[in-house]
>>> print(open('final09.cif').read())   # mmCIF, C-alpha atoms and all ligand atoms
data_protein
#
loop_
_atom_site.label_atom_id
_atom_site.label_comp_id
_atom_site.auth_asym_id
_atom_site.auth_seq_id
_atom_site.Cartn_x
_atom_site.Cartn_y
_atom_site.Cartn_z
CA MET A 1 6.04 -3.92 21.92
CA ASN A 2 4.43 -0.61 20.88
CA ASP A 3 0.90 -1.68 19.85
CA THR A 4 -0.57 1.83 19.44
CA PHE A 5 -0.96 1.26 15.70
CA LEU A 6 -2.85 -2.02 16.14
CA LYS A 7 -5.13 -0.48 18.76
CA ALA A 8 -6.00 2.42 16.46
CA CYS A 9 -6.76 -0.04 13.64
CA ARG A 10 -9.26 -1.78 15.93
CA GLY A 11 -10.81 1.53 16.98
CA GLU A 12 -9.52 1.26 20.56
CA LYS A 13 -8.41 4.31 22.54
CA THR A 14 -4.70 5.19 22.26
CA GLU A 15 -2.42 7.58 24.15
CA TYR A 16 -1.49 9.33 20.93
CA THR A 17 -2.13 9.01 17.19
CA PRO A 18 0.19 6.40 15.64
CA VAL A 19 1.99 7.38 12.44
CA TRP A 20 3.72 5.68 9.53
CA PHE A 21 4.25 6.79 5.93
CA MET A 22 3.56 4.92 2.73
CA ARG A 23 6.93 4.31 0.99
CA GLN A 24 8.72 5.18 4.24
CA ALA A 25 11.59 2.90 3.19
CA GLY A 26 12.93 4.35 -0.02
CA ARG A 27 14.89 6.72 -2.12
CA TYR A 28 14.49 9.88 0.02
CA LEU A 29 16.75 8.17 2.59
CA PRO A 30 20.53 8.28 1.98
CA GLU A 31 20.70 5.08 4.05
CA TYR A 32 18.42 3.34 1.50
CA GLN A 33 20.41 4.74 -1.43
CA ALA A 34 23.58 3.30 0.07
CA VAL A 35 22.10 -0.22 0.13
CA ARG A 36 20.34 0.15 -3.22
CA SER A 37 23.46 1.44 -5.06
CA LYS A 38 24.96 -2.05 -4.93
CA LEU A 39 22.17 -3.93 -6.72
CA THR A 40 18.97 -3.49 -8.74
CA PHE A 41 15.59 -2.93 -7.09
CA LEU A 42 14.38 -6.42 -8.04
CA GLU A 43 17.56 -8.02 -6.69
CA LEU A 44 17.09 -6.07 -3.46
CA CYS A 45 13.49 -7.32 -3.13
CA LYS A 46 14.79 -10.92 -3.15
CA LYS A 47 17.42 -10.54 -0.42
CA PRO A 48 15.74 -10.96 2.99
CA GLU A 49 18.65 -9.58 5.04
CA LEU A 50 18.76 -6.39 2.96
CA CYS A 51 14.95 -6.06 2.86
CA THR A 52 15.01 -6.33 6.64
CA GLU A 53 17.70 -3.68 6.87
CA VAL A 54 15.87 -1.12 4.70
CA THR A 55 12.52 -1.83 6.41
CA LEU A 56 14.13 -1.02 9.77
CA GLN A 57 15.87 2.18 8.60
CA PRO A 58 12.90 4.58 8.88
CA ILE A 59 11.79 2.99 12.18
CA ASP A 60 15.23 3.48 13.73
CA ILE A 61 15.73 6.97 12.27
CA PHE A 62 12.28 8.56 12.79
CA GLY A 63 10.41 6.40 15.30
CA PHE A 64 7.42 5.47 13.14
CA ASP A 65 4.76 3.43 14.99
CA ALA A 66 4.54 0.70 12.34
CA ALA A 67 6.88 -0.89 9.81
CA ILE A 68 5.89 -1.91 6.31
CA LEU A 69 7.56 -4.90 4.71
CA PHE A 70 10.03 -3.85 2.02
CA SER A 71 8.91 -5.41 -1.26
CA ASP A 72 6.71 -4.39 -4.19
CA ILE A 73 3.14 -5.14 -5.24
CA LEU A 74 4.41 -6.43 -8.59
CA ILE A 75 6.59 -9.20 -7.10
CA ALA A 76 3.51 -11.44 -6.94
CA MET A 77 2.82 -10.78 -10.64
CA GLU A 78 6.28 -12.06 -11.49
CA ALA A 79 5.41 -15.17 -9.46
CA MET A 80 2.33 -15.60 -11.70
CA GLY A 81 4.71 -16.05 -14.64
CA MET A 82 4.98 -12.48 -15.94
CA GLU A 83 8.39 -11.18 -16.96
CA LEU A 84 8.99 -8.00 -14.90
CA GLU A 85 11.60 -5.29 -15.34
CA PHE A 86 12.18 -2.00 -13.53
CA HIS A 87 13.63 0.71 -15.74
CA GLU A 88 15.44 3.62 -14.12
CA GLY A 89 13.20 6.70 -14.36
CA ARG A 90 10.35 4.86 -16.10
CA GLY A 91 9.20 2.47 -13.41
CA PRO A 92 7.90 -1.08 -13.89
CA VAL A 93 7.65 -2.70 -17.33
CA PHE A 94 6.00 -5.96 -18.39
CA PRO A 95 7.47 -6.50 -21.89
CA ASP A 96 4.75 -9.01 -22.79
CA PRO A 97 1.44 -7.54 -21.54
CA VAL A 98 -1.76 -9.57 -21.07
CA ARG A 99 -4.04 -8.77 -24.02
CA SER A 100 -5.62 -12.14 -24.94
CA GLN A 101 -7.45 -15.07 -23.39
CA ALA A 102 -4.40 -17.23 -24.15
CA ALA A 103 -2.23 -14.86 -22.11
CA VAL A 104 -4.72 -15.06 -19.23
CA ASP A 105 -4.69 -18.87 -19.44
CA ARG A 106 -0.88 -18.93 -19.30
CA LEU A 107 -0.82 -17.19 -15.89
CA ILE A 108 -0.27 -19.49 -12.96
CA VAL A 109 -1.69 -19.19 -9.46
CA PRO A 110 1.53 -19.77 -7.54
CA ASP A 111 2.16 -21.22 -4.09
CA PRO A 112 3.46 -18.07 -2.35
CA ASP A 113 5.71 -19.96 0.08
CA GLU A 114 7.45 -21.72 -2.82
CA THR A 115 7.66 -18.85 -5.30
CA MET A 116 8.23 -15.93 -2.90
CA PRO A 117 10.13 -17.50 0.03
CA PHE A 118 12.23 -14.32 0.33
CA VAL A 119 9.10 -12.38 1.36
CA MET A 120 8.16 -14.84 4.10
CA GLU A 121 11.80 -14.99 5.25
CA THR A 122 11.91 -11.16 5.47
CA ILE A 123 8.75 -11.15 7.58
CA LYS A 124 10.24 -13.71 9.97
CA LEU A 125 13.53 -11.81 10.29
CA LEU A 126 11.69 -8.54 10.88
CA ARG A 127 9.48 -9.97 13.60
CA LYS A 128 12.62 -10.87 15.57
CA GLU A 129 13.94 -7.29 15.34
CA LEU A 130 10.88 -5.06 15.48
CA LYS A 131 9.35 -3.38 18.50
CA VAL A 132 6.51 -1.93 16.41
CA PRO A 133 3.93 -3.92 14.39
CA LEU A 134 4.77 -5.18 10.91
CA ILE A 135 2.42 -4.43 8.01
CA GLY A 136 2.37 -6.88 5.09
CA PHE A 137 0.77 -5.84 1.81
CA SER A 138 -0.36 -6.60 -1.70
CA GLY A 139 -1.80 -4.70 -4.61
CA ALA A 140 -5.56 -4.85 -5.17
CA PRO A 141 -6.44 -7.10 -8.13
CA PHE A 142 -7.63 -4.22 -10.31
CA THR A 143 -4.48 -2.13 -9.73
CA LEU A 144 -2.29 -5.17 -10.43
CA ALA A 145 -4.29 -5.90 -13.59
CA THR A 146 -3.61 -2.40 -14.94
CA TYR A 147 0.13 -3.11 -14.92
CA LEU A 148 -0.31 -6.50 -16.60
CA ILE A 149 -2.67 -5.18 -19.28
CA GLU A 150 -0.94 -1.85 -19.99
CA GLY A 151 2.54 -3.37 -19.73
CA GLY A 152 3.56 -0.76 -17.13
CA SER A 153 2.36 2.52 -15.69
CA SER A 154 -0.33 4.45 -17.54
CA LYS A 155 -2.23 7.74 -17.56
CA VAL A 156 -5.58 6.94 -19.20
CA PHE A 157 -5.70 3.13 -18.84
CA LEU A 158 -7.14 2.73 -22.32
CA GLU A 159 -6.24 -0.96 -22.75
CA THR A 160 -7.52 -1.87 -19.28
CA LYS A 161 -10.86 -0.12 -19.73
CA LYS A 162 -11.22 -1.46 -23.25
CA MET A 163 -10.78 -5.01 -21.99
CA ALA A 164 -13.24 -4.47 -19.12
CA PHE A 165 -15.87 -2.86 -21.39
CA GLN A 166 -15.40 -4.87 -24.59
CA GLU A 167 -14.16 -8.24 -23.34
CA PRO A 168 -15.74 -8.53 -19.90
CA GLU A 169 -15.31 -12.31 -19.74
CA MET A 170 -11.59 -12.09 -20.41
CA TYR A 171 -11.27 -9.21 -17.96
CA HIS A 172 -13.09 -11.09 -15.20
CA ALA A 173 -11.08 -14.29 -15.84
CA LEU A 174 -7.88 -12.25 -15.45
CA LEU A 175 -9.11 -10.51 -12.32
CA GLN A 176 -10.28 -13.80 -10.84
CA LYS A 177 -6.82 -15.34 -11.30
CA ILE A 178 -5.04 -12.33 -9.77
CA THR A 179 -7.53 -12.45 -6.89
CA GLU A 180 -6.71 -16.09 -6.13
CA CYS A 181 -2.99 -15.34 -6.22
CA THR A 182 -3.35 -12.25 -3.99
CA SER A 183 -5.60 -14.03 -1.51
CA LEU A 184 -3.08 -16.87 -1.01
CA TYR A 185 -0.21 -14.39 -0.90
CA LEU A 186 -1.73 -12.30 1.90
CA GLN A 187 -2.69 -15.43 3.83
CA ALA A 188 0.92 -16.62 3.60
CA GLN A 189 2.15 -13.23 4.88
CA ALA A 190 -0.21 -13.46 7.86
CA ARG A 191 1.01 -17.01 8.58
CA ALA A 192 4.63 -15.83 8.36
CA GLY A 193 3.94 -13.15 10.99
CA ALA A 194 2.55 -9.98 9.39
CA GLN A 195 0.48 -8.21 12.07
CA ALA A 196 -1.64 -6.10 9.72
CA LEU A 197 -2.24 -6.20 5.96
CA GLN A 198 -2.68 -3.29 3.59
CA ILE A 199 -4.22 -3.65 0.14
CA PHE A 200 -3.04 -0.91 -2.25
CA ASP A 201 -5.58 0.11 -4.90
CA SER A 202 -3.51 2.89 -6.41
CA TRP A 203 -5.67 3.36 -9.52
CA ALA A 204 -9.17 2.80 -8.09
CA GLY A 205 -9.92 6.48 -8.73
CA ILE A 206 -9.97 6.12 -12.51
CA TRP A 207 -13.42 4.47 -12.46
CA ALA A 208 -16.92 5.90 -12.41
CA PRO A 209 -18.46 4.67 -9.16
CA HIS A 210 -20.76 2.14 -10.87
CA ASP A 211 -17.84 0.72 -12.86
CA TYR A 212 -15.62 0.58 -9.79
CA ALA A 213 -18.42 -1.43 -8.16
CA ARG A 214 -18.26 -4.13 -10.85
CA PHE A 215 -14.68 -4.00 -12.13
CA ALA A 216 -12.67 -3.58 -8.91
CA LEU A 217 -14.54 -3.81 -5.60
CA PRO A 218 -15.84 -7.44 -5.72
CA TYR A 219 -12.30 -8.83 -5.94
CA VAL A 220 -11.15 -6.88 -2.89
CA GLN A 221 -14.23 -8.08 -1.00
CA SER A 222 -13.43 -11.66 -1.92
CA ILE A 223 -9.81 -11.41 -0.68
CA ILE A 224 -10.86 -9.86 2.61
CA ALA A 225 -13.61 -12.46 3.13
CA ASP A 226 -11.00 -15.23 2.61
CA LEU A 227 -8.59 -13.57 5.06
CA ARG A 228 -11.27 -13.27 7.72
CA LYS A 229 -11.60 -17.06 7.74
CA MET A 230 -7.99 -17.57 8.81
CA THR A 231 -6.78 -14.47 10.66
CA ASP A 232 -8.00 -11.50 12.67
CA VAL A 233 -5.11 -9.18 11.80
CA PRO A 234 -6.37 -5.69 10.93
CA ILE A 235 -6.88 -5.09 7.21
CA ILE A 236 -6.34 -1.66 5.65
CA TYR A 237 -7.79 -0.88 2.23
CA PHE A 238 -6.26 2.13 0.48
CA ALA A 239 -8.18 3.19 -2.62
CA ASN A 240 -6.14 6.10 -3.92
CA ASN A 241 -8.13 9.03 -5.33
CA GLY A 242 -11.16 7.28 -3.86
CA SER A 243 -13.08 10.07 -2.12
CA THR A 244 -15.94 9.76 -4.61
CA LEU A 245 -16.06 5.99 -4.02
CA ILE A 246 -16.38 5.88 -0.23
CA ASN A 247 -19.92 4.51 -0.24
CA HIS A 248 -18.47 1.54 -2.11
CA THR A 249 -15.03 1.20 -0.48
CA LYS A 250 -16.57 1.08 2.99
CA THR A 251 -18.24 -2.19 1.98
CA ALA A 252 -14.90 -3.85 1.12
CA GLY A 253 -14.76 -5.48 4.56
CA ALA A 254 -11.58 -3.75 5.78
CA ASP A 255 -11.07 -2.50 9.35
CA VAL A 256 -9.33 0.66 8.18
CA LEU A 257 -9.87 2.82 5.11
CA GLY A 258 -6.83 4.67 3.77
CA LEU A 259 -7.56 8.18 2.48
CA ASP A 260 -5.73 10.42 0.07
CA TRP A 261 -5.58 14.19 0.76
CA ARG A 262 -8.40 15.19 -1.58
CA ILE A 263 -11.06 14.80 1.12
CA ASN A 264 -11.41 16.29 4.60
CA ILE A 265 -10.59 13.46 6.99
CA GLY A 266 -13.36 14.40 9.42
CA GLU A 267 -16.00 14.29 6.69
CA ALA A 268 -14.62 10.97 5.47
CA ALA A 269 -14.66 9.55 9.01
CA LYS A 270 -18.36 10.41 9.27
CA MET A 271 -19.07 8.67 5.98
CA VAL A 272 -17.22 5.46 6.87
CA GLY A 273 -18.86 5.17 10.29
CA ASP A 274 -17.62 2.00 11.91
CA HIS A 275 -14.13 2.02 10.35
CA ALA A 276 -10.88 3.57 11.46
CA VAL A 277 -9.29 5.96 8.96
CA GLN A 278 -5.68 6.31 7.82
CA GLY A 279 -4.23 9.43 6.27
CA ASN A 280 -4.16 11.95 4.82
CA LEU A 281 -1.43 14.61 4.54
CA ASP A 282 -0.52 15.77 1.03
CA PRO A 283 3.02 14.34 0.48
CA VAL A 284 4.02 17.75 -0.89
CA ALA A 285 3.20 19.35 2.49
CA LEU A 286 6.56 17.86 3.58
CA PHE A 287 8.16 20.55 1.38
CA LEU A 288 6.63 23.37 3.49
CA PRO A 289 8.60 25.25 6.15
CA GLN A 290 8.32 23.58 9.58
CA LYS A 291 5.63 25.94 11.00
CA GLU A 292 3.26 25.48 8.06
CA LEU A 293 3.88 21.73 7.92
CA GLU A 294 3.02 21.47 11.61
CA GLN A 295 -0.13 23.53 11.07
CA GLN A 296 -1.31 21.11 8.35
CA ILE A 297 -0.61 18.15 10.62
CA LYS A 298 -2.52 19.74 13.51
CA THR A 299 -5.52 20.40 11.26
CA ILE A 300 -5.70 16.73 10.26
CA ILE A 301 -5.40 15.50 13.85
CA ASP A 302 -8.12 17.93 14.98
CA ASP A 303 -10.42 17.05 12.07
CA ALA A 304 -10.02 13.31 12.77
CA GLN A 305 -10.85 13.68 16.48
CA ASP A 306 -14.21 11.92 16.29
CA ALA A 307 -13.07 9.09 14.00
CA LYS A 308 -13.44 5.57 15.38
CA GLY A 309 -9.66 5.33 15.08
CA HIS A 310 -7.01 7.40 13.31
CA ILE A 311 -3.65 6.31 11.96
CA PHE A 312 -1.71 9.29 10.67
CA ASN A 313 -0.17 8.80 7.22
CA LEU A 314 0.46 10.63 3.98
CA GLY A 315 -2.29 10.61 1.36
CA HIS A 316 0.09 8.69 -0.95
CA GLY A 317 3.74 7.65 -0.93
CA ILE A 318 6.51 9.94 0.29
CA LEU A 319 8.28 11.53 -2.67
CA PRO A 320 11.95 10.71 -3.38
CA GLN A 321 12.83 14.45 -3.34
CA THR A 322 11.66 14.85 0.29
CA ASP A 323 14.14 16.15 2.87
CA PRO A 324 14.39 13.34 5.47
CA ASP A 325 14.45 15.96 8.22
CA LYS A 326 10.83 16.82 7.35
CA ALA A 327 9.82 13.23 8.07
CA ARG A 328 11.42 13.55 11.49
CA ILE A 329 9.59 16.84 12.11
CA ALA A 330 6.28 15.32 10.99
CA VAL A 331 6.49 12.21 13.20
CA GLU A 332 7.41 14.34 16.19
CA ALA A 333 4.55 16.77 15.47
CA VAL A 334 1.95 13.99 15.15
CA HIS A 335 3.00 12.58 18.51
CA ARG A 336 3.07 15.99 20.19
CA PHE A 337 -0.26 17.35 18.86
CA SER A 338 -2.14 14.12 19.52
CA ALA A 339 -0.87 13.33 23.06
CA ARG A 340 -3.92 12.71 25.24
O1 LIG A 401 8.18 1.56 2.27
C1 LIG A 401 7.20 0.99 1.71
O2 LIG A 401 6.11 1.55 1.51
C2 LIG A 401 7.32 -0.47 1.36
C3 LIG A 401 7.75 -0.79 0.03
C4 LIG A 401 6.86 -0.55 -1.18
C5 LIG A 401 7.42 -0.29 -2.45
N1 LIG A 401 6.42 -0.28 -3.38
C6 LIG A 401 8.85 -0.12 -2.71
C7 LIG A 401 9.30 0.49 -3.97
C8 LIG A 401 5.48 -0.60 -1.34
C9 LIG A 401 4.38 -0.80 -0.30
C10 LIG A 401 5.21 -0.45 -2.75
C11 LIG A 401 3.86 -0.51 -3.33
C12 LIG A 401 3.67 -0.20 -4.75
N2 LIG A 401 4.48 -0.52 -5.80
C13 LIG A 401 2.50 0.41 -5.29
C14 LIG A 401 1.29 0.82 -4.49
C15 LIG A 401 1.49 2.11 -3.77
C16 LIG A 401 1.47 3.33 -4.64
O3 LIG A 401 2.53 4.02 -4.67
O4 LIG A 401 0.45 3.64 -5.26
C17 LIG A 401 2.68 0.51 -6.67
C18 LIG A 401 1.70 1.11 -7.66
C19 LIG A 401 3.93 -0.09 -6.99
C20 LIG A 401 4.53 -0.28 -8.34
C21 LIG A 401 5.81 0.45 -8.47
N3 LIG A 401 6.99 0.11 -7.84
C22 LIG A 401 6.06 1.57 -9.27
C23 LIG A 401 5.03 2.28 -10.12
C24 LIG A 401 7.40 1.90 -9.10
C25 LIG A 401 8.17 2.95 -9.85
C26 LIG A 401 7.83 4.29 -9.42
C27 LIG A 401 8.65 4.66 -8.26
O5 LIG A 401 8.12 5.17 -7.26
O6 LIG A 401 9.87 4.45 -8.37
C28 LIG A 401 7.95 1.00 -8.16
C29 LIG A 401 9.36 0.98 -7.65
C30 LIG A 401 9.55 0.98 -6.16
N4 LIG A 401 8.78 0.31 -5.24
C31 LIG A 401 10.61 1.65 -5.45
C32 LIG A 401 10.46 1.32 -4.10
C33 LIG A 401 11.37 1.73 -2.95
C34 LIG A 401 11.73 2.45 -6.08
C35 LIG A 401 12.71 1.48 -6.62
C36 LIG A 401 14.12 1.96 -6.62
O7 LIG A 401 14.80 1.90 -5.56
O8 LIG A 401 14.59 2.34 -7.69
#
>>> encode(input="final09.cif", output="structure tokens", more="lines below")
Ligand code: CP3
Amino acid sequence: MNDTFLKACRGEKTEYTPVWFMRQAGRYLPEYQAVRSKLTFLELCKKPELCTEVTLQPIDIFGFDAAILFSDILIAMEAMGMELEFHEGRGPVFPDPVRSQAAVDRLIVPDPDETMPFVMETIKLLRKELKVPLIGFSGAPFTLATYLIEGGSSKVFLETKKMAFQEPEMYHALLQKITECTSLYLQAQARAGAQALQIFDSWAGIWAPHDYARFALPYVQSIIADLRKMTDVPIIYFANNGSTLINHTKTAGADVLGLDWRINIGEAAKMVGDHAVQGNLDPVALFLPQKELEQQIKTIIDDAQDAKGHIFNLGHGILPQTDPDKARIAVEAVHRFSAR
């Protein structure tokens, strides 16, 4: 078992910098497209054998040092009773968004083992196959709430902010319910065999710091505090676009803070002190010629030298248009430049 990733999460010395990419299983891979062409994304998410297959693809092809469970953060929102659709080219859609106290009251806090058995089954299948650690994940309550309130993806998050500012009791009741669901869901993943857990806060960066501190952070803290009572698996908190929030995000309770590319990783590592850092190559750097891509990778590894631990990753998900060969070049370069 290659445990370099887990060691880096705990801030222990490693022989080289471990690397994985957010969205490493996905549309940039012809092998994923071949599986996906036969069924819809949601159908795929509910078939453990196929989820296992697409999770393993990037590990087998590129030699990443960690695998991430193939699923989606919104699967747990469907389990809460929300109708969920994925539209080609438009992303996720909730046809009946949460805009009233009655809609909040209708949401259920599901038993994850009963409502999402396919996720736990995938984790168990993967643990039999994998020789690298398996990362389970969820969305952060705030990021999940944006999808429920907006009814899908958004640019300005008007409805979400309006609810938080104008109807704070309704907003907090909603967030509290999502938090309970997410907490149980991550605990179930750890019980099923996930060896690390990442919480994705994709939209954290839309808040002013003082609003982030009251409308998003406390729910993440609560989930992590619950997890600490039952497991010691490393917890990664990725607050996308969060470089102006680090003084808050470092109090979330995570072992590792994920970083997007908008901040120098060395400066961030100084700010977070006792945490390992994960990141932070611009996903578009994978479109550079090999020499320049390698230079960018080397800069990040050098800048992160004094971090308590460094897991190399992209600053956000790999783009579907990426040439898979660039992923291979990047993994190889991370291993080569970081060999100690
Ligand atoms: O390889 C992995 O990283 C594991 C699988 C994974 C997916 N989604 C698969 C997926 C993970 C960890 C996610 C997380 C996720 N899902 C996030 C947080 C990370 C981030 O990107 O900020 C968010 C916000 C979502 C919600 C979501 N799912 C959106 C907005 C979309 C549509 C946009 C897009 O990229 O297509 C999805 C669909 C989705 N999730 C796909 C995959 C492989 C594409 C589905 C397809 O095959 O058509």
>>> closest_residue(input="final09.cif", among="A:Thr182, A:Gln189, A:Thr160, A:Thr40", to="Pro117 in chain A", atoms="all atoms listed in the file")
A:Gln189
>>> residues_around(input="final09.cif", residues="Ile178 in chain A", least_positions_apart="3", cutoff="10 Å", atoms="all atoms listed in the file", output="mmCIF file with C-alpha atoms, in the coordinates of the input")
data_model
loop_
_atom_site.group_PDB
_atom_site.id
_atom_site.type_symbol
_atom_site.label_atom_id
_atom_site.label_comp_id
_atom_site.auth_asym_id
_atom_site.auth_seq_id
_atom_site.Cartn_x
_atom_site.Cartn_y
_atom_site.Cartn_z
ATOM 1 C CA ALA A 76 3.510 -11.440 -6.940
ATOM 2 C CA MET A 77 2.820 -10.780 -10.640
ATOM 3 C CA MET A 80 2.330 -15.600 -11.700
ATOM 4 C CA VAL A 104 -4.720 -15.060 -19.230
ATOM 5 C CA LEU A 107 -0.820 -17.190 -15.890
ATOM 6 C CA ILE A 108 -0.270 -19.490 -12.960
ATOM 7 C CA VAL A 109 -1.690 -19.190 -9.460
ATOM 8 C CA GLY A 139 -1.800 -4.700 -4.610
ATOM 9 C CA ALA A 140 -5.560 -4.850 -5.170
ATOM 10 C CA PRO A 141 -6.440 -7.100 -8.130
ATOM 11 C CA PHE A 142 -7.630 -4.220 -10.310
ATOM 12 C CA LEU A 144 -2.290 -5.170 -10.430
ATOM 13 C CA ALA A 145 -4.290 -5.900 -13.590
ATOM 14 C CA HIS A 172 -13.090 -11.090 -15.200
ATOM 15 C CA ALA A 173 -11.080 -14.290 -15.840
ATOM 16 C CA LEU A 174 -7.880 -12.250 -15.450
ATOM 17 C CA LEU A 175 -9.110 -10.510 -12.320
ATOM 18 C CA CYS A 181 -2.990 -15.340 -6.220
ATOM 19 C CA THR A 182 -3.350 -12.250 -3.990
ATOM 20 C CA SER A 183 -5.600 -14.030 -1.510
ATOM 21 C CA TYR A 219 -12.300 -8.830 -5.940
#
>>> closest_residue(input="final09.cif", among="A:Gly205, A:Gly315, A:Pro95, A:Gly309", to="Ala269 in chain A", atoms="only C-alpha atoms")
A:Gly309
>>> residues_near_ligand(input="final09.cif", ligand="ligand LIG 401 (chain A)", cutoff="7 Å", atoms="all atoms listed in the file", output="list in words")
Met22, Arg23, Gln24, Ala25, Gly26, Arg27, Arg36, Phe41, Thr55, Ile68, Leu69, Phe70, Ser71, Asp72, Ile73, Leu74, Glu88, Arg90, Gly91, Pro92, Phe137, Gly139, Ser153, Phe200, Asp201, Ser202, His316 and Gly317 of chain A
>>> write_last_selection(input="final09.cif", atoms="C-alpha atoms", output="PDB file, keeping the file's coordinate frame")
ATOM      1  CA  MET A  22       3.560   4.920   2.730  1.00  0.00           C
ATOM      2  CA  ARG A  23       6.930   4.310   0.990  1.00  0.00           C
ATOM      3  CA  GLN A  24       8.720   5.180   4.240  1.00  0.00           C
ATOM      4  CA  ALA A  25      11.590   2.900   3.190  1.00  0.00           C
ATOM      5  CA  GLY A  26      12.930   4.350  -0.020  1.00  0.00           C
ATOM      6  CA  ARG A  27      14.890   6.720  -2.120  1.00  0.00           C
ATOM      7  CA  ARG A  36      20.340   0.150  -3.220  1.00  0.00           C
ATOM      8  CA  PHE A  41      15.590  -2.930  -7.090  1.00  0.00           C
ATOM      9  CA  THR A  55      12.520  -1.830   6.410  1.00  0.00           C
ATOM     10  CA  ILE A  68       5.890  -1.910   6.310  1.00  0.00           C
ATOM     11  CA  LEU A  69       7.560  -4.900   4.710  1.00  0.00           C
ATOM     12  CA  PHE A  70      10.030  -3.850   2.020  1.00  0.00           C
ATOM     13  CA  SER A  71       8.910  -5.410  -1.260  1.00  0.00           C
ATOM     14  CA  ASP A  72       6.710  -4.390  -4.190  1.00  0.00           C
ATOM     15  CA  ILE A  73       3.140  -5.140  -5.240  1.00  0.00           C
ATOM     16  CA  LEU A  74       4.410  -6.430  -8.590  1.00  0.00           C
ATOM     17  CA  GLU A  88      15.440   3.620 -14.120  1.00  0.00           C
ATOM     18  CA  ARG A  90      10.350   4.860 -16.100  1.00  0.00           C
ATOM     19  CA  GLY A  91       9.200   2.470 -13.410  1.00  0.00           C
ATOM     20  CA  PRO A  92       7.900  -1.080 -13.890  1.00  0.00           C
ATOM     21  CA  PHE A 137       0.770  -5.840   1.810  1.00  0.00           C
ATOM     22  CA  GLY A 139      -1.800  -4.700  -4.610  1.00  0.00           C
ATOM     23  CA  SER A 153       2.360   2.520 -15.690  1.00  0.00           C
ATOM     24  CA  PHE A 200      -3.040  -0.910  -2.250  1.00  0.00           C
ATOM     25  CA  ASP A 201      -5.580   0.110  -4.900  1.00  0.00           C
ATOM     26  CA  SER A 202      -3.510   2.890  -6.410  1.00  0.00           C
ATOM     27  CA  HIS A 316       0.090   8.690  -0.950  1.00  0.00           C
ATOM     28  CA  GLY A 317       3.740   7.650  -0.930  1.00  0.00           C
TER      29      GLY A 317
END
>>> residues_around(input="final09.cif", residues="Ile149 in chain A", least_positions_apart="2", cutoff="9 Å", atoms="all atoms listed in the file", output="list in words")
Phe94, Pro97, Val98, Arg99, Leu144, Ala145, Thr146, Tyr147, Gly151, Gly152, Phe157, Glu159, Thr160 and Met163 of chain A
>>> residues_near_point(input="final09.cif", point="(11.4, 13.1, -2.7)", cutoff="12 Å", atoms="all atoms listed in the file", output="ChimeraX atom specification")
/A:23-30,283-287,317-327
>>> residues_around(input="final09.cif", residues="Gly63 in chain A", least_positions_apart="6", cutoff="9 Å", atoms="all atoms listed in the file", output="ChimeraX atom specification")
/A:19-20,328,331-332
>>> write_last_selection(input="final09.cif", atoms="C-alpha atoms", output="PDB file, keeping the file's coordinate frame")
ATOM      1  CA  VAL A  19       1.990   7.380  12.440  1.00  0.00           C
ATOM      2  CA  TRP A  20       3.720   5.680   9.530  1.00  0.00           C
ATOM      3  CA  ARG A 328      11.420  13.550  11.490  1.00  0.00           C
ATOM      4  CA  VAL A 331       6.490  12.210  13.200  1.00  0.00           C
ATOM      5  CA  GLU A 332       7.410  14.340  16.190  1.00  0.00           C
TER       6      GLU A 332
END
>>> closest_residue(input="final09.cif", among="A:Arg262, A:Lys177, A:Arg228, A:Lys131", to="Asp60 in chain A", atoms="all atoms listed in the file")
A:Lys131
>>> atom_distance(input="final09.cif", atom1="CA of Lys298 in chain A", atom2="CA of Ser338 in chain A")
8.2 Å
>>> axis_aligned_box(input="final09.cif", around="range 226-239 of chain A", padding_each_side="5 Å", output="AutoDock Vina command-line options")
--center_x -8.4 --center_y -7.2 --center_z 5.0 --size_x 16.5 --size_y 30.8 --size_z 25.3
>>> closest_residue(input="final09.cif", among="A:Leu148, A:Ile223, A:Ala330, A:Ile123", to="Lys47 in chain A", atoms="all atoms listed in the file")
A:Ile123
>>> residues_near_point(input="final09.cif", point="(-9.6, 8.4, 4.2)", cutoff="12 Å", atoms="only C-alpha atoms", output="PyMOL selection string")
chain A and resi 236-247+249-250+256-273+275-281+300+303-304+307+309-316
>>> closest_residue(input="final09.cif", among="A:Ile75, A:Leu39, A:Ile301, A:Trp203", to="Val156 in chain A", atoms="only C-alpha atoms")
A:Trp203
>>> atom_distance(input="final09.cif", atom1="CA of Leu293 in chain A", atom2="CA of Val334 in chain A")
10.8 Å
>>> closest_residue(input="final09.cif", among="A:Phe118, A:Phe21, A:Tyr16, A:Trp207", to="Thr52 in chain A", atoms="all atoms listed in the file")
A:Phe118
>>> atom_distance(input="final09.cif", atom1="CA of Lys46 in chain A", atom2="CA of Lys155 in chain A")
29.1 Å
